[in-house]
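Novice: Structure below; questions to follow.
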Amino acid sequence: MRILLIGSGAREHALALGLAADPAVTELHVAPGNVGIGEIATIYPEITAVDNPDTMLELAQKINADLVVIGPEIPLVAGVADILRSHGFAVFGPNKDAARIEGSKAFAKDVMAAAGVKTAHAEQVVPGATAEEIDAALDNFGPNFVVKDDGLAGGKGVVVTTDRKTARAHMEAVLHAGNPVLLESFLDGPEVSLFCLVDGETVVPLLPAQDHKRVGDNDEGPNTGGMGAYCPLPWLPEDGVQRIVDEVCVPVAKEMVARGCSYSGLLYAGLAWGADGPAVVEFNCRFGDPETQAVLALLQTPLATLLHAVATGTLDKQPPLEWADGFAVTVVLAAHNYPGTPRLGDAITGAESTQVRHAGTARAATGELVSAGGRVLNVVGTGATLFDARNSAYSVLSQIALPGGHFRSDIALPAVEGRISV
Ligand code: GLY
């Protein structure tokens, strides 16, 4: 099988490793790819406009791809899957209409309301709203304000605060940038990321994971794209995954089919597990980053064959997924000043381990590895216990040096210490 994978982050590095390990794969091409992916696949660093449907079509044709796997949301929302499918390619990733589940939070709310899925109460405020309208909307929320950029923000457009002034300032910034704002009621309870393979009405869950979105230990500081993750979740009730599938993912998949925008690809349900069970915080139309790096570290089912089955409408014919026993933890090493404007070009040393997944890295003219993005790399550890998996990740991370680099030291720690209960 000749595969084209689209994307350049640590998520795509994890996907590339999974795809390359499938004996059915004969060629793996990744656009644009990154330094780590370049060690196991043909990369196309010059192709950065991955949201340009014509560019992606031309590359898929040149490669004569048997399967195109689209990693990030931006090409999906831009309709790259649509044009590839219309030219006969098998594509893993939803069409533009279905990708609105992430691209428009208002669309996602509408689908959930129709499907009877539990989620936060929400109100949209559109650009051009007067100061009075902004205040009137804020009056309906609090004491915890959840203010979301109702567009694509890569997980970074959300501010959760008890300070009304901070909430108002974020609303104004998003509206000023020309995007609508979604105000939401706060959902209490530990967060769960459940990734499901969805092929029409067939839904197959992967292992449940938890992301750590704040930049600092003890969930302090601003939100990021994700600073680390672990899976599975020892604190989740035994029927937790099945409840999310039955109460959230299957009803949404059926509603999408009923609306004529059948979903094909990865549906990421971001949930809070409250007193009454799961409620949806958000949906994404692709694998999550950094959870994927942990989840795929335990998947034993050949990945390319599995994604090809979704892309060709045969997921219901696949055998049950196989998983390694134990746990996986991934920890993100971020650049100086991330999640603000990250400093680039710092030398990275000690990152040769096979447990490293590259994200914002590059080779300088001298050949040395340097930082080239906010989230620079991830380290993945696995082990029989969550404690062991954490130790494995942190011991490799301790060998890596990046001036000004920072990481959270408490990824998965509350779960290890039994501090999460539902
Ligand atoms: N883990 C957050 C995201 O992928 O959006």
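Labels used: A, B, ... for chains in the order of the structure tokens, numbers from 1 for residues in each chain, and numbers from 1 for ligands as shown.
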Please return as a short mmCIF file (atom, residue, chain, number, x, y, z; two decimals) with C-alpha atoms, in the first residue's frame the residues found within 8 Å of ligand 1, counting only C-alpha atoms and all ligand atoms.

Specialist:
```cif
data_model
loop_
_atom_site.label_atom_id
_atom_site.label_comp_id
_atom_site.auth_asym_id
_atom_site.auth_seq_id
_atom_site.Cartn_x
_atom_site.Cartn_y
_atom_site.Cartn_z
CA GLY A 154 -5.83 24.41 17.61
CA GLY A 155 -7.00 24.15 21.22
CA SER A 193 -10.39 12.44 25.24
CA ASP A 211 -4.65 15.69 27.90
CA HIS A 212 -3.01 18.33 30.12
CA LYS A 213 -3.85 21.62 28.44
CA GLY A 225 -2.23 22.92 22.37
CA GLY A 226 -1.51 20.24 25.02
CA ASN A 284 -12.47 17.56 16.80
CA ARG A 286 -8.97 14.44 13.63
CA PHE A 287 -6.59 12.67 16.00
CA GLY A 288 -5.69 14.76 19.06
CA ASP A 289 -2.22 16.01 19.80
CA PRO A 290 -0.55 14.96 22.15
CA GLU A 291 -2.96 12.12 23.11
#
```

Novice: Env of Pro414 in chain A: 10 Å cut, atoms = only C-alpha atoms, seq-sep filter 6 positions within chain, self excluded. Answer as a ChimeraX atom specification.

Specialist: /A:218,420-421

Novice: Hey, what's within 7 Å of Gly326 in chain A if we count only C-alpha atoms and toss same-chain stuff fewer than 6 positions away? As number ranges by chain, please?

Specialist: A: 383-385

Novice: Just N, CA and C atoms for this one: save the residues we selected as a compact mmCIF listing (two decimals), in the first residue's frame.

Specialist:
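What landed in again11.txt:
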```
# COMPACT_ATOMS: atom_id res chain seq x y z
N GLY A 383 4.76 1.36 29.93
CA GLY A 383 5.14 0.52 31.06
C GLY A 383 3.95 -0.28 31.55
N ALA A 384 4.25 -1.25 32.41
CA ALA A 384 3.18 -2.11 32.94
C ALA A 384 2.23 -1.31 33.82
N THR A 385 2.76 -0.26 34.46
CA THR A 385 1.92 0.61 35.28
C THR A 385 2.07 2.03 34.77
```

Novice: Extract, using only C-alpha atoms, all DNA, RNA and protein residues at most 10 Å from range 348-354 of chain A, discarding same-chain residues fewer than 6 positions from it, and format them as a list in words.

Specialist: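 The contact residues come out as Gly36, Thr361, Ala362, Arg363, Glu368, Leu369, Val370, Ser371, Val376, Leu377, Asn378, Val379, Val380, Val396, Leu397, Ser398, Gln399, Ile400, Ala401, Leu402, Pro403 and Gly405 of chain A.
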
Novice: Find the spatial neighbours of Leu267 in chain A, counting only C-alpha atoms, within a cut-off of 10 Å - ignore same-chain residues fewer than 4 positions away - and output them as a count of residues only.

Specialist: 24

Novice: Give the answer as one residue: which of A:Ala269, A:Ala114, A:Ile134, A:Ala311 has the shortest atom-to-atom distance to Gly200 in chain A, using only C-alpha atoms?

Specialist: A:Ala311

Novice: Skipping near chain neighbours, those fewer than 4 positions away, what residues fall within 9 Å of Phe387 in chain A using only C-alpha atoms, listed as an MDAnalysis selection string?

Specialist: chainID A and resid 327 383 391:392 412:413 416

Novice: Quick one: everything within 6 Å of range 72-81 of chain A, counting only C-alpha atoms, minus sequence neighbours fewer than 4 positions away in the same chain. Send it as an NGL selection string.

Specialist: :A and (51 or 53 or 95-96 or 99)

Novice: Take the residues that were just selected and, keeping all heavy atoms, output them as a compact mmCIF listing (two decimals), in the first residue's frame.

Specialist:
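So the final result, stored in again.txt, reads:
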```
# COMPACT_ATOMS: atom_id res chain seq x y z
N ASP A 51 -3.37 22.84 3.00
CA ASP A 51 -4.82 23.09 2.94
C ASP A 51 -5.24 23.48 1.52
O ASP A 51 -6.39 23.83 1.29
CB ASP A 51 -5.22 24.18 3.94
CG ASP A 51 -4.46 25.47 3.71
OD1 ASP A 51 -3.42 25.44 3.01
OD2 ASP A 51 -4.90 26.51 4.21
N PRO A 53 -6.38 22.24 -1.79
CA PRO A 53 -6.84 20.97 -2.34
C PRO A 53 -6.13 20.57 -3.64
O PRO A 53 -5.80 19.40 -3.82
CB PRO A 53 -8.35 21.22 -2.58
CG PRO A 53 -8.71 22.30 -1.61
CD PRO A 53 -7.49 23.17 -1.52
N ASN A 95 -15.08 14.65 5.05
CA ASN A 95 -15.30 15.72 4.08
C ASN A 95 -15.56 17.03 4.81
O ASN A 95 -15.85 17.05 6.01
CB ASN A 95 -16.50 15.38 3.21
CG ASN A 95 -16.11 14.53 2.01
OD1 ASN A 95 -14.92 14.30 1.76
ND2 ASN A 95 -17.10 14.06 1.28
N LYS A 96 -15.47 18.12 4.03
CA LYS A 96 -15.63 19.48 4.56
C LYS A 96 -16.91 19.66 5.39
O LYS A 96 -16.90 20.23 6.47
CB LYS A 96 -15.64 20.41 3.34
CG LYS A 96 -15.65 21.87 3.62
CD LYS A 96 -15.57 22.59 2.28
CE LYS A 96 -15.66 24.08 2.51
NZ LYS A 96 -15.31 24.86 1.35
N ALA A 99 -16.50 17.93 8.63
CA ALA A 99 -15.44 18.53 9.46
C ALA A 99 -15.94 19.76 10.21
O ALA A 99 -15.26 20.25 11.12
CB ALA A 99 -14.23 18.89 8.59
```

Novice: Using DSSP assignments from the backbone, pull out every residue in range 154-374 of chain A that falls under alpha helix (DSSP H) and give it to me as a ChimeraX atom specification.

Specialist: /A:164-176,240-244,250-258,291-298,303-311

Novice: Could you check which of A:Asp66, A:Val160, A:Gly178, A:Val332 is closest to Val146 in chain A, using only C-alpha atoms?

Specialist: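 Smallest distance to Val146 in chain A is found for A:Val160.
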
Novice: Which one is closest to Pro45 in chain A: A:Thr119, A:Thr382, A:Ser8, A:Thr26? Count only C-alpha atoms.

Specialist: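 Going through A:Thr119, A:Thr382, A:Ser8, A:Thr26 one by one, the smallest distance to Pro45 in chain A is for A:Ser8.
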
Novice: Write down as a PyMOL selection string the residues belonging to range 152-309 of chain A that are assigned strand (DSSP E or B) by DSSP computed on the backbone.

Specialist: chain A and resi 158-161+181-184+191-199+202-205+209-211+214-216+220-223+228-231+264-274+277-284+299

Novice: Can you tell me how far CA of Thr161 in chain A sits from CA of Gly142 in chain A, in Å to one decimal?

Specialist: 8.9 Å

Novice: Could you tell me how far CA of Glu238 in chain A sits from CA of Gly274 in chain A, in Å to one decimal place?

Specialist: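 Between these atoms lies a distance of 15.3 Å.
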